[in-house]
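Enquirer: Handing you a structure now.
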Amino acid sequence: MSKDILFEIGLEEVPARFIRAAMEQLQDRTAKWLEASRIAHSGISAYATPRRLTVLVKDAAERQEDISEEVKGPSRKIALDASGEWSKAALGFARSQGVSPEQFTFKELSGVEYIYATKNSDGVNTSSLLSEGLSSIANAMTFPKNMRWGAYDFKFVRPIRWLVALFGQEIIDLEITGVKAGNVSRGHRFLGTEAVIAEPSQYVETMRSQHVLVDVKEREELILNQIHKLAEEKNWTIAIKEDLLEEVLFLVETPTVLFGTFDASFLNIPQDVLITSMREHQRYFPVFDAAGALLPFFVTVRNGNAQSLDVIAKGNEKVLRARLSDAKFFYEEDQKLQISDALAKLENIVYHEELGSVGDKVRRIRAVADRLSAKLGLSASTAAEVSRTADICKFDLVTQMVNEFSELQGTMGEDYARKAGEPEAVARGIFEHYQPRFAGDSVPASEVGLVVSLADKIDTIVGCFSIGIIPTGSQDPYALRRQAAGIVQIVLEHKLAISLQEIFDAAVEVHENLRKEKHFTQDLRINLYEFFGLRVKRLLSDNVRYDVVDAVIAAGFDDIVAVVGRSRALMDTVNGQADFKITVDSLTRVSNLAAKAAEGTSVDPTLLKEEAERTLYETWQAIHKPYQEALSARNAEEALRILSGLKDAVTGFFDSVMVMAEDEQIRANRLALLAGIDADSKAFADFGKLVW
């Protein structure tokens, strides 16, 4: 026999950004508790709105499963003393398992007899477990921010206002922070009333009758269908940004899409300003024509039905008009500000108390960018554009528009710089130097933008590392992981001929030269290298097997483009060539023996007595130069193909030659030969890390 379980936690409105994770957490904790409690079921559904978190367990067994578990104890030799009586070890095992020694049995395992105890446990009624179980689930919930209320020590994302806890039609005896569970839920705040949930299976439809769509997927589909229908009717393109849709989804219980308009004169303001104002401040979806031009309309989602939509639209239009009027004022006032005056204001903005002002940071960015331009061999004209871009890349931080809409930094800088007569490459570089802003964002397209972006990001990382701000665990308040990932992405996508060490050196030298207070240690570059190693490893792990990643990382990742190429080539070869394991085994055997070679020794061809060792030496000499050239050219496929050409010669060597010869000179020479081959091999990967 089985019954459904319903557990609804009714709350004050929860911030939209917390809800999905909380819903999934409640579902996961419920599933784990049911498993630990040995309660069989046919599935768990999770629901959520701004005012509730709910799980519905289908066909939960009315009784725990009985268990009969066999536990292995000490061996017979230890379990019995010399007189054949149970030893202290056996009696202790019996006590720990709650059984009598008379219940022991003997079984043989791998030629040794052990005692076994059989533990039987009869299941109890599910109803007797639910009160404590559901309470423990609620108590274990965690959130980015918690609240306490009243005199209770209990913490939750928002105060609990009602609870529904049912096992079939039976109300579970449960109380949290003075709120006693029942079978009464609450409908839409304005359109619904309290509603009795007769049994769990009726929950979704009962709430629907109270104007609450508890199914997240259903709400999302309804919102999207209404938006698409409106777009088709009006011949509009309505831009649906995923994070905005996610937020709106958890702001409503009954979604109804509507549209409004705004004065077309506001279209003289840059499009990004209008879109940001609508999306970030008002949660509106912008509207475009077929050519991608912004139209004077917006789309929003109401938490309610279709009644009086015209009134709702007018209210939203009034609010948006005020927002856009502010934006227009800020935009016009900002254009009166000279770039030189804006730069002077940066001197009064503290970047970090140990790293100086934003003006100090800009000077460091300029110096780092100039060094990177030289490393990359940019033309004199492009290098000059890089310098100018670096000089003014942060000037828009003091504008009123960016002060109001911080997400427009760079966007407004580009617009204002262009209007101030700066070269197009410089104006565009100001915007691009913030890229990539987030995972999946584009990297700078221009040389100017990418160099200043690298300079800005590595300055931030080196500065923070030098004063002990290094991300640990989940803590990364200065987004250093994102900055490092951005550097890796830029270098990789543009296939830049620059190493990580060269990027580090440029920033460290600048900090050492320009900062009065020095906080540099010998470990700084080591810490930077290890930090970036984790970013590179994570990048590779998205598409490459873990052991392949470990193998190529061990060979070095200073050249990001090269290590990605080596990982792909090795992955393709491992998957595509059945006999590649023979090559790997040969190179691994070479590596194992090469570890015994004396450091700094070289091969003396005159000491190569056996034909097989001469063949190996000649084969290695023949491939060494083209192999190194292929690696230098970042042609990983060709380098691996050339290296694989050693397979037969290595196999023949080990079949015919005793490496550890009695003659010390011969032995040392053979080990030196293997060490040379191993050095070449490890320039590609540590093949011993591959798992077959």
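Going through the structure tokens in order, the chains are called A, B, and so on, while each chain numbers its residues from 1 and the ligands are numbered from 1 in the order shown.
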Which parts of stretch 69-300 of chain A does DSSP call strand (DSSP E or B) when run on the backbone here, written out as a PyMOL selection string?

Expert: chain A and resi 69-75+80+86+105-109+112-121+125+147+156+160-167+170-171+175-176+179-180+182+184-186+194-196+237-238+255-261+285-288+294-300

Enquirer: Find the residues around A:Gln628 up to 12 Å (only C-alpha atoms counted), leave out those fewer than 2 positions away in its own chain, and share them as a PDB file with N, CA and C atoms, in the first residue's frame.

Expert:
ATOM      1  N   TRP A 620      65.890   8.417 -32.580  1.00  0.00           N
ATOM      2  CA  TRP A 620      65.621   9.605 -31.750  1.00  0.00           C
ATOM      3  C   TRP A 620      66.255  10.850 -32.366  1.00  0.00           C
ATOM      4  N   GLN A 621      67.507  10.726 -32.811  1.00  0.00           N
ATOM      5  CA  GLN A 621      68.177  11.870 -33.428  1.00  0.00           C
ATOM      6  C   GLN A 621      67.459  12.332 -34.689  1.00  0.00           C
ATOM      7  N   ALA A 622      66.889  11.389 -35.430  1.00  0.00           N
ATOM      8  CA  ALA A 622      66.194  11.731 -36.676  1.00  0.00           C
ATOM      9  C   ALA A 622      64.898  12.498 -36.409  1.00  0.00           C
ATOM     10  N   ILE A 623      64.227  12.173 -35.304  1.00  0.00           N
ATOM     11  CA  ILE A 623      62.931  12.826 -35.051  1.00  0.00           C
ATOM     12  C   ILE A 623      63.059  14.058 -34.160  1.00  0.00           C
ATOM     13  N   HIS A 624      64.163  14.203 -33.459  1.00  0.00           N
ATOM     14  CA  HIS A 624      64.268  15.246 -32.424  1.00  0.00           C
ATOM     15  C   HIS A 624      63.984  16.649 -32.971  1.00  0.00           C
ATOM     16  N   LYS A 625      64.674  17.010 -34.048  1.00  0.00           N
ATOM     17  CA  LYS A 625      64.519  18.368 -34.569  1.00  0.00           C
ATOM     18  C   LYS A 625      63.115  18.606 -35.129  1.00  0.00           C
ATOM     19  N   PRO A 626      62.589  17.748 -36.021  1.00  0.00           N
ATOM     20  CA  PRO A 626      61.225  17.993 -36.522  1.00  0.00           C
ATOM     21  C   PRO A 626      60.166  17.959 -35.413  1.00  0.00           C
ATOM     22  N   ALA A 630      57.737  21.052 -34.573  1.00  0.00           N
ATOM     23  CA  ALA A 630      56.278  20.904 -34.552  1.00  0.00           C
ATOM     24  C   ALA A 630      55.700  21.449 -33.247  1.00  0.00           C
ATOM     25  N   LEU A 631      56.376  21.179 -32.131  1.00  0.00           N
ATOM     26  CA  LEU A 631      55.919  21.730 -30.852  1.00  0.00           C
ATOM     27  C   LEU A 631      55.986  23.248 -30.861  1.00  0.00           C
ATOM     28  N   SER A 632      57.077  23.795 -31.383  1.00  0.00           N
ATOM     29  CA  SER A 632      57.235  25.249 -31.419  1.00  0.00           C
ATOM     30  C   SER A 632      56.171  25.900 -32.295  1.00  0.00           C
ATOM     31  N   ALA A 633      55.773  25.190 -33.348  1.00  0.00           N
ATOM     32  CA  ALA A 633      54.750  25.710 -34.252  1.00  0.00           C
ATOM     33  C   ALA A 633      53.337  25.436 -33.734  1.00  0.00           C
ATOM     34  N   ARG A 634      53.236  24.856 -32.557  1.00  0.00           N
ATOM     35  CA  ARG A 634      51.939  24.507 -31.947  1.00  0.00           C
ATOM     36  C   ARG A 634      51.150  23.516 -32.801  1.00  0.00           C
ATOM     37  N   ASN A 635      51.882  22.707 -33.561  1.00  0.00           N
ATOM     38  CA  ASN A 635      51.256  21.665 -34.375  1.00  0.00           C
ATOM     39  C   ASN A 635      51.284  20.370 -33.575  1.00  0.00           C
ATOM     40  N   ALA A 636      50.344  20.242 -32.649  1.00  0.00           N
ATOM     41  CA  ALA A 636      50.358  19.117 -31.713  1.00  0.00           C
ATOM     42  C   ALA A 636      50.132  17.783 -32.411  1.00  0.00           C
ATOM     43  N   GLU A 638      51.008  16.845 -35.419  1.00  0.00           N
ATOM     44  CA  GLU A 638      52.246  16.423 -36.079  1.00  0.00           C
ATOM     45  C   GLU A 638      53.299  16.011 -35.057  1.00  0.00           C
ATOM     46  N   ALA A 639      53.404  16.766 -33.954  1.00  0.00           N
ATOM     47  CA  ALA A 639      54.383  16.432 -32.922  1.00  0.00           C
ATOM     48  C   ALA A 639      54.109  15.045 -32.340  1.00  0.00           C
ATOM     49  N   LEU A 640      52.840  14.731 -32.080  1.00  0.00           N
ATOM     50  CA  LEU A 640      52.501  13.422 -31.509  1.00  0.00           C
ATOM     51  C   LEU A 640      52.747  12.317 -32.516  1.00  0.00           C
ATOM     52  N   ILE A 642      55.052  12.332 -34.845  1.00  0.00           N
ATOM     53  CA  ILE A 642      56.506  12.131 -34.903  1.00  0.00           C
ATOM     54  C   ILE A 642      56.989  11.368 -33.674  1.00  0.00           C
ATOM     55  N   LEU A 643      56.523  11.763 -32.506  1.00  0.00           N
ATOM     56  CA  LEU A 643      56.942  11.100 -31.265  1.00  0.00           C
ATOM     57  C   LEU A 643      56.543   9.626 -31.265  1.00  0.00           C
ATOM     58  N   ALA A 679      62.826  13.371 -21.892  1.00  0.00           N
ATOM     59  CA  ALA A 679      62.683  14.833 -21.885  1.00  0.00           C
ATOM     60  C   ALA A 679      61.845  15.291 -23.066  1.00  0.00           C
ATOM     61  N   ASP A 680      62.081  14.709 -24.232  1.00  0.00           N
ATOM     62  CA  ASP A 680      61.259  15.037 -25.401  1.00  0.00           C
ATOM     63  C   ASP A 680      59.810  14.618 -25.173  1.00  0.00           C
ATOM     64  N   SER A 681      59.622  13.417 -24.678  1.00  0.00           N
ATOM     65  CA  SER A 681      58.280  12.886 -24.439  1.00  0.00           C
ATOM     66  C   SER A 681      57.491  13.775 -23.479  1.00  0.00           C
ATOM     67  N   LYS A 682      58.152  14.186 -22.406  1.00  0.00           N
ATOM     68  CA  LYS A 682      57.462  14.967 -21.375  1.00  0.00           C
ATOM     69  C   LYS A 682      57.225  16.419 -21.787  1.00  0.00           C
ATOM     70  N   ALA A 683      57.815  16.824 -22.906  1.00  0.00           N
ATOM     71  CA  ALA A 683      57.494  18.142 -23.441  1.00  0.00           C
ATOM     72  C   ALA A 683      56.094  18.145 -24.051  1.00  0.00           C
ATOM     73  N   PHE A 684      55.589  16.954 -24.333  1.00  0.00           N
ATOM     74  CA  PHE A 684      54.224  16.829 -24.867  1.00  0.00           C
ATOM     75  C   PHE A 684      53.239  16.481 -23.756  1.00  0.00           C
TER      76      PHE A 684
END

Enquirer: Nearest to A:Ala181 among A:Val164, A:Val216, A:Met658, A:Leu570, with distances taken over only C-alpha atoms: which residue is it?

Expert: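 Of the candidates, the smallest distance to A:Ala181 is held by A:Val164.
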
Enquirer: Contacts of A:Glu664 at 12 Å or less, counting only C-alpha atoms, minus same-chain residues fewer than 6 places along, as a ChimeraX atom specification?

Expert: /A:597-598,607,670-671

Enquirer: If you count only C-alpha atoms, which residues fall within 8 Å of A:Gly260, apart from same-chain ones fewer than 5 positions away, as a PDB file with N, CA, C and O atoms, in the first residue's frame?

Expert:
ATOM      1  N   PHE A 297       8.351  50.629 -27.298  1.00  0.00           N
ATOM      2  CA  PHE A 297       7.407  49.762 -26.597  1.00  0.00           C
ATOM      3  C   PHE A 297       8.184  48.909 -25.597  1.00  0.00           C
ATOM      4  O   PHE A 297       9.401  48.743 -25.707  1.00  0.00           O
ATOM      5  N   PHE A 298       7.476  48.353 -24.645  1.00  0.00           N
ATOM      6  CA  PHE A 298       8.066  47.403 -23.713  1.00  0.00           C
ATOM      7  C   PHE A 298       7.028  46.344 -23.381  1.00  0.00           C
ATOM      8  O   PHE A 298       5.824  46.557 -23.525  1.00  0.00           O
ATOM      9  N   VAL A 299       7.523  45.191 -22.957  1.00  0.00           N
ATOM     10  CA  VAL A 299       6.653  44.079 -22.566  1.00  0.00           C
ATOM     11  C   VAL A 299       6.967  43.715 -21.127  1.00  0.00           C
ATOM     12  O   VAL A 299       8.147  43.656 -20.743  1.00  0.00           O
ATOM     13  N   ALA A 313      -0.888  48.946 -17.644  1.00  0.00           N
ATOM     14  CA  ALA A 313       0.068  49.435 -18.630  1.00  0.00           C
ATOM     15  C   ALA A 313       0.382  50.909 -18.407  1.00  0.00           C
ATOM     16  O   ALA A 313       1.545  51.326 -18.456  1.00  0.00           O
ATOM     17  N   LYS A 314      -0.653  51.716 -18.152  1.00  0.00           N
ATOM     18  CA  LYS A 314      -0.441  53.153 -17.933  1.00  0.00           C
ATOM     19  C   LYS A 314       0.421  53.392 -16.691  1.00  0.00           C
ATOM     20  O   LYS A 314       1.277  54.287 -16.674  1.00  0.00           O
ATOM     21  N   ASN A 316       2.731  51.387 -15.499  1.00  0.00           N
ATOM     22  CA  ASN A 316       4.107  51.036 -15.854  1.00  0.00           C
ATOM     23  C   ASN A 316       4.735  52.090 -16.762  1.00  0.00           C
ATOM     24  O   ASN A 316       5.920  52.394 -16.640  1.00  0.00           O
ATOM     25  N   GLU A 317       3.936  52.648 -17.662  1.00  0.00           N
ATOM     26  CA  GLU A 317       4.439  53.694 -18.550  1.00  0.00           C
ATOM     27  C   GLU A 317       4.875  54.923 -17.756  1.00  0.00           C
ATOM     28  O   GLU A 317       5.903  55.548 -18.058  1.00  0.00           O
TER      29      GLU A 317
END

Enquirer: Under the rule of at most 10 Å, produce a per-residue listing of stretch 191-227 of chain A near stretch 231-247 of chain A: chain, number, name, the closest pair of atoms, and the distance in Å, as JSON lines, using only C-alpha atoms.

Expert:
{"residue": "A:Glu220", "atom": "CA", "partner": "A:Leu245", "partner_atom": "CA", "distance": 8.1}
{"residue": "A:Ile223", "atom": "CA", "partner": "A:Leu245", "partner_atom": "CA", "distance": 8.7}
{"residue": "A:Leu224", "atom": "CA", "partner": "A:Ile240", "partner_atom": "CA", "distance": 8.8}
{"residue": "A:Asn225", "atom": "CA", "partner": "A:Ala231", "partner_atom": "CA", "distance": 9.8}
{"residue": "A:Gln226", "atom": "CA", "partner": "A:Ala231", "partner_atom": "CA", "distance": 8.6}
{"residue": "A:Ile227", "atom": "CA", "partner": "A:Ala231", "partner_atom": "CA", "distance": 6.1}

Enquirer: Could you go through stretch 24-245 of chain A and tell me which residues DSSP, when run on the backbone, assigns to alpha helix (DSSP H), listing them as a compact mmCIF listing (two decimals) with N, CA, C and O atoms, in the first residue's frame?

Expert:
# COMPACT_ATOMS: atom_id res chain seq x y z
N GLU A 24 15.06 23.17 -5.69
CA GLU A 24 15.85 21.99 -6.02
C GLU A 24 16.48 21.39 -4.77
O GLU A 24 16.60 20.16 -4.65
N GLN A 25 16.89 22.25 -3.84
CA GLN A 25 17.47 21.76 -2.60
C GLN A 25 16.43 21.00 -1.78
O GLN A 25 16.74 19.93 -1.22
N LEU A 26 15.21 21.53 -1.71
CA LEU A 26 14.15 20.85 -0.97
C LEU A 26 13.86 19.48 -1.57
O LEU A 26 13.69 18.48 -0.85
N GLN A 27 13.83 19.41 -2.89
CA GLN A 27 13.60 18.13 -3.56
C GLN A 27 14.74 17.15 -3.28
O GLN A 27 14.50 15.97 -2.98
N ASP A 28 15.97 17.63 -3.35
CA ASP A 28 17.12 16.77 -3.14
C ASP A 28 17.18 16.25 -1.70
O ASP A 28 17.43 15.07 -1.46
N ARG A 29 16.93 17.15 -0.74
CA ARG A 29 16.97 16.72 0.67
C ARG A 29 15.85 15.74 0.98
O ARG A 29 16.03 14.80 1.76
N THR A 30 14.70 15.94 0.36
CA THR A 30 13.59 15.01 0.57
C THR A 30 13.94 13.63 0.01
O THR A 30 13.69 12.60 0.66
N ALA A 31 14.52 13.61 -1.19
CA ALA A 31 14.90 12.33 -1.80
C ALA A 31 15.91 11.59 -0.95
O ALA A 31 15.80 10.37 -0.74
N LYS A 32 16.90 12.31 -0.42
CA LYS A 32 17.93 11.67 0.40
C LYS A 32 17.35 11.17 1.72
O LYS A 32 17.74 10.10 2.21
N TRP A 33 16.42 11.92 2.30
CA TRP A 33 15.81 11.46 3.55
C TRP A 33 14.97 10.21 3.32
O TRP A 33 15.02 9.26 4.13
N LEU A 34 14.22 10.16 2.23
CA LEU A 34 13.42 8.98 1.92
C LEU A 34 14.30 7.75 1.72
O LEU A 34 13.99 6.66 2.19
N GLU A 35 15.42 7.96 1.04
CA GLU A 35 16.35 6.84 0.81
C GLU A 35 16.94 6.36 2.13
O GLU A 35 17.00 5.15 2.40
N ALA A 36 17.40 7.31 2.95
CA ALA A 36 17.98 6.94 4.23
C ALA A 36 16.97 6.28 5.16
O ALA A 36 17.32 5.44 5.99
N ARG A 76 38.22 -16.24 11.92
CA ARG A 76 38.02 -17.31 12.91
C ARG A 76 39.21 -17.36 13.88
O ARG A 76 39.04 -17.56 15.08
N LYS A 77 40.41 -17.17 13.34
CA LYS A 77 41.61 -17.25 14.17
C LYS A 77 41.57 -16.24 15.31
O LYS A 77 41.99 -16.50 16.43
N ILE A 78 41.04 -15.04 15.01
CA ILE A 78 40.98 -13.99 16.02
C ILE A 78 39.73 -14.14 16.88
O ILE A 78 39.73 -13.82 18.07
N ALA A 79 38.65 -14.64 16.27
CA ALA A 79 37.37 -14.71 16.98
C ALA A 79 37.33 -15.79 18.06
O ALA A 79 36.55 -15.70 19.01
N LYS A 88 37.59 -11.77 23.13
CA LYS A 88 37.10 -10.42 23.41
C LYS A 88 36.76 -9.69 22.11
O LYS A 88 35.80 -8.90 22.07
N ALA A 89 37.52 -9.95 21.07
CA ALA A 89 37.26 -9.29 19.79
C ALA A 89 35.90 -9.70 19.24
O ALA A 89 35.13 -8.87 18.74
N ALA A 90 35.58 -11.02 19.35
CA ALA A 90 34.30 -11.51 18.85
C ALA A 90 33.15 -10.97 19.68
O ALA A 90 32.11 -10.56 19.14
N LEU A 91 33.31 -10.96 21.02
CA LEU A 91 32.24 -10.46 21.88
C LEU A 91 32.02 -8.96 21.65
O LEU A 91 30.89 -8.47 21.67
N GLY A 92 33.11 -8.22 21.43
CA GLY A 92 32.98 -6.80 21.14
C GLY A 92 32.26 -6.56 19.83
O GLY A 92 31.43 -5.64 19.70
N PHE A 93 32.54 -7.39 18.84
CA PHE A 93 31.85 -7.29 17.55
C PHE A 93 30.36 -7.56 17.72
O PHE A 93 29.52 -6.87 17.14
N ALA A 94 30.02 -8.58 18.55
CA ALA A 94 28.61 -8.91 18.80
C ALA A 94 27.88 -7.72 19.42
O ALA A 94 26.76 -7.36 19.02
N ARG A 95 28.53 -7.08 20.42
CA ARG A 95 27.90 -5.92 21.07
C ARG A 95 27.69 -4.76 20.09
O ARG A 95 26.66 -4.10 20.09
N SER A 96 28.69 -4.53 19.25
CA SER A 96 28.60 -3.40 18.32
C SER A 96 27.49 -3.59 17.29
O SER A 96 26.92 -2.62 16.79
N GLN A 97 27.17 -4.86 17.00
CA GLN A 97 26.13 -5.13 16.01
C GLN A 97 24.78 -5.44 16.64
O GLN A 97 23.79 -5.64 15.92
N SER A 127 4.18 6.90 8.60
CA SER A 127 3.53 8.02 9.28
C SER A 127 4.24 8.40 10.57
O SER A 127 4.23 9.56 10.98
N SER A 128 4.87 7.42 11.22
CA SER A 128 5.55 7.70 12.48
C SER A 128 6.89 8.41 12.27
O SER A 128 7.48 8.92 13.22
N LEU A 129 7.38 8.44 11.04
CA LEU A 129 8.67 9.06 10.74
C LEU A 129 8.56 10.45 10.13
O LEU A 129 9.52 11.22 10.15
N LEU A 130 7.39 10.76 9.58
CA LEU A 130 7.28 11.96 8.76
C LEU A 130 7.44 13.26 9.54
O LEU A 130 8.03 14.22 9.04
N SER A 131 6.90 13.31 10.75
CA SER A 131 6.99 14.57 11.51
C SER A 131 8.43 14.97 11.73
O SER A 131 8.85 16.09 11.40
N GLU A 132 9.21 14.06 12.27
CA GLU A 132 10.61 14.36 12.53
C GLU A 132 11.39 14.52 11.23
O GLU A 132 12.26 15.39 11.12
N GLY A 133 11.05 13.72 10.23
CA GLY A 133 11.76 13.77 8.96
C GLY A 133 11.58 15.09 8.23
O GLY A 133 12.55 15.71 7.79
N LEU A 134 10.33 15.53 8.10
CA LEU A 134 10.08 16.79 7.40
C LEU A 134 10.66 17.98 8.17
O LEU A 134 11.16 18.94 7.58
N SER A 135 10.59 17.91 9.49
CA SER A 135 11.18 18.96 10.31
C SER A 135 12.69 19.03 10.09
O SER A 135 13.27 20.12 9.96
N SER A 136 13.34 17.87 10.03
CA SER A 136 14.79 17.85 9.82
C SER A 136 15.16 18.38 8.44
O SER A 136 16.19 19.05 8.28
N ILE A 137 14.32 18.10 7.45
CA ILE A 137 14.57 18.61 6.10
C ILE A 137 14.52 20.13 6.09
O ILE A 137 15.40 20.80 5.55
N ALA A 138 13.49 20.71 6.71
CA ALA A 138 13.35 22.17 6.77
C ALA A 138 14.51 22.79 7.53
O ALA A 138 15.07 23.82 7.13
N ASN A 139 14.92 22.16 8.63
CA ASN A 139 16.01 22.70 9.44
C ASN A 139 17.34 22.65 8.72
O ASN A 139 18.24 23.47 9.00
N ALA A 140 17.49 21.71 7.79
CA ALA A 140 18.77 21.55 7.10
C ALA A 140 18.92 22.47 5.89
O ALA A 140 20.01 22.59 5.34
N TYR A 203 -3.20 18.78 -5.25
CA TYR A 203 -2.53 20.03 -4.90
C TYR A 203 -2.43 21.00 -6.09
O TYR A 203 -2.82 22.16 -5.99
N VAL A 204 -1.90 20.52 -7.21
CA VAL A 204 -1.66 21.40 -8.35
C VAL A 204 -2.96 22.03 -8.84
O VAL A 204 -3.04 23.24 -9.07
N GLU A 205 -4.02 21.20 -8.98
CA GLU A 205 -5.28 21.73 -9.49
C GLU A 205 -5.99 22.61 -8.47
O GLU A 205 -6.63 23.60 -8.84
N THR A 206 -5.88 22.27 -7.20
CA THR A 206 -6.49 23.11 -6.17
C THR A 206 -5.86 24.49 -6.17
O THR A 206 -6.55 25.51 -6.10
N MET A 207 -4.54 24.55 -6.29
CA MET A 207 -3.88 25.84 -6.32
C MET A 207 -4.18 26.59 -7.61
O MET A 207 -4.29 27.83 -7.60
N ARG A 208 -4.34 25.87 -8.69
CA ARG A 208 -4.72 26.53 -9.94
C ARG A 208 -6.07 27.23 -9.79
O ARG A 208 -6.27 28.34 -10.31
N SER A 209 -6.99 26.59 -9.08
CA SER A 209 -8.31 27.20 -8.86
C SER A 209 -8.21 28.46 -8.01
O SER A 209 -9.13 29.28 -8.01
N VAL A 216 6.60 25.28 -12.05
CA VAL A 216 7.50 26.28 -12.61
C VAL A 216 7.56 26.18 -14.13
O VAL A 216 7.53 27.20 -14.84
N LYS A 217 7.63 24.97 -14.65
CA LYS A 217 7.71 24.79 -16.10
C LYS A 217 6.44 25.29 -16.77
O LYS A 217 6.50 25.92 -17.84
N GLU A 218 5.31 25.03 -16.17
CA GLU A 218 4.04 25.49 -16.74
C GLU A 218 3.99 27.02 -16.79
O GLU A 218 3.55 27.61 -17.78
N ARG A 219 4.44 27.67 -15.71
CA ARG A 219 4.45 29.14 -15.70
C ARG A 219 5.36 29.69 -16.78
O ARG A 219 5.03 30.65 -17.48
N GLU A 220 6.54 29.07 -16.91
CA GLU A 220 7.48 29.53 -17.92
C GLU A 220 6.91 29.39 -19.33
O GLU A 220 7.01 30.31 -20.15
N GLU A 221 6.30 28.26 -19.62
CA GLU A 221 5.71 28.04 -20.94
C GLU A 221 4.59 29.03 -21.21
O GLU A 221 4.43 29.53 -22.34
N LEU A 222 3.80 29.33 -20.18
CA LEU A 222 2.70 30.28 -20.34
C LEU A 222 3.25 31.68 -20.66
O LEU A 222 2.73 32.38 -21.54
N ILE A 223 4.28 32.09 -19.94
CA ILE A 223 4.89 33.40 -20.21
C ILE A 223 5.44 33.46 -21.63
O ILE A 223 5.17 34.42 -22.37
N LEU A 224 6.19 32.44 -22.03
CA LEU A 224 6.79 32.43 -23.36
C LEU A 224 5.73 32.39 -24.45
O LEU A 224 5.85 33.10 -25.47
N ASN A 225 4.69 31.59 -24.26
CA ASN A 225 3.62 31.51 -25.27
C ASN A 225 2.93 32.86 -25.44
O ASN A 225 2.62 33.28 -26.57
N GLN A 226 2.69 33.54 -24.32
CA GLN A 226 2.03 34.85 -24.41
C GLN A 226 2.94 35.87 -25.09
O GLN A 226 2.47 36.70 -25.88
N ILE A 227 4.23 35.84 -24.77
CA ILE A 227 5.17 36.77 -25.41
C ILE A 227 5.26 36.50 -26.91
O ILE A 227 5.22 37.43 -27.73
N HIS A 228 5.36 35.22 -27.28
CA HIS A 228 5.46 34.89 -28.71
C HIS A 228 4.18 35.26 -29.46
O HIS A 228 4.25 35.74 -30.60
N LYS A 229 3.05 35.07 -28.83
CA LYS A 229 1.78 35.43 -29.46
C LYS A 229 1.70 36.94 -29.68
O LYS A 229 1.29 37.41 -30.75
N LEU A 230 2.11 37.71 -28.67
CA LEU A 230 2.10 39.17 -28.78
C LEU A 230 3.06 39.62 -29.88
O LEU A 230 2.73 40.51 -30.68
N ALA A 231 4.25 39.03 -29.93
CA ALA A 231 5.23 39.39 -30.95
C ALA A 231 4.69 39.11 -32.35
O ALA A 231 4.88 39.91 -33.29
N GLU A 232 3.98 38.01 -32.50
CA GLU A 232 3.40 37.66 -33.81
C GLU A 232 2.29 38.63 -34.19
O GLU A 232 2.21 39.07 -35.35
N GLU A 233 1.46 39.00 -33.23
CA GLU A 233 0.35 39.91 -33.51
C GLU A 233 0.86 41.29 -33.92
O GLU A 233 0.30 41.93 -34.81
N LYS A 234 1.92 41.75 -33.27
CA LYS A 234 2.42 43.11 -33.49
C LYS A 234 3.56 43.18 -34.51
O LYS A 234 4.03 44.27 -34.83
N GLU A 242 17.64 35.37 -20.81
CA GLU A 242 17.36 34.22 -19.94
C GLU A 242 17.32 34.60 -18.46
O GLU A 242 16.45 34.14 -17.72
N ASP A 243 18.26 35.44 -18.01
CA ASP A 243 18.26 35.77 -16.59
C ASP A 243 17.06 36.63 -16.20
O ASP A 243 16.55 36.52 -15.09
N LEU A 244 16.58 37.47 -17.12
CA LEU A 244 15.38 38.26 -16.84
C LEU A 244 14.15 37.37 -16.82
O LEU A 244 13.29 37.51 -15.94
N LEU A 245 14.06 36.44 -17.76
CA LEU A 245 12.94 35.49 -17.75
C LEU A 245 12.92 34.69 -16.46
O LEU A 245 11.86 34.49 -15.85

Enquirer: Nearest residue to A:Ile526 out of A:Tyr546, A:Phe465, A:Phe395, A:Phe259, using only C-alpha atoms?

Expert: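 Of all the options, A:Phe465 lies closest to A:Ile526.
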
Enquirer: Using only C-alpha atoms, which residues sit within 9 Å of stretch 266-282 of chain A once same-chain residues fewer than 4 positions away are excluded, as a list in words?

Expert: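 Near neighbours after the sequence-gap exclusion: Lys241, Leu244, Phe262, Pro286, Ala293, Leu294, Leu295, Pro296, Phe298, Thr300, Asn316, Val319, Leu320, Arg323, Leu324, Ser325, Ala327, Lys328, Tyr331, Met401, Phe405, Glu407, Leu408, Thr411, Met412 and Asp415 of chain A.
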
Enquirer: Give me, as a JSON list (two decimals) with N, CA and C atoms, in the first residue's frame, all polymer residues having an atom no more than 10 Å from A:Tyr152, counting only C-alpha atoms and skipping those fewer than 6 positions away in the same chain.

Expert:
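Wrote it out as result-v5.json, contents follow:
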[["chain", "number", "residue", "atom", "x", "y", "z"],
["A", 176, "ILE", "N", 6.68, 24.22, 13.13],
["A", 176, "ILE", "CA", 7.96, 24.93, 12.97],
["A", 176, "ILE", "C", 7.72, 26.40, 13.29],
["A", 177, "THR", "N", 8.50, 26.95, 14.18],
["A", 177, "THR", "CA", 8.40, 28.36, 14.63],
["A", 177, "THR", "C", 6.97, 28.75, 14.96],
["A", 178, "GLY", "N", 6.29, 27.87, 15.66],
["A", 178, "GLY", "CA", 4.93, 28.19, 16.10],
["A", 178, "GLY", "C", 3.87, 28.01, 15.04]]
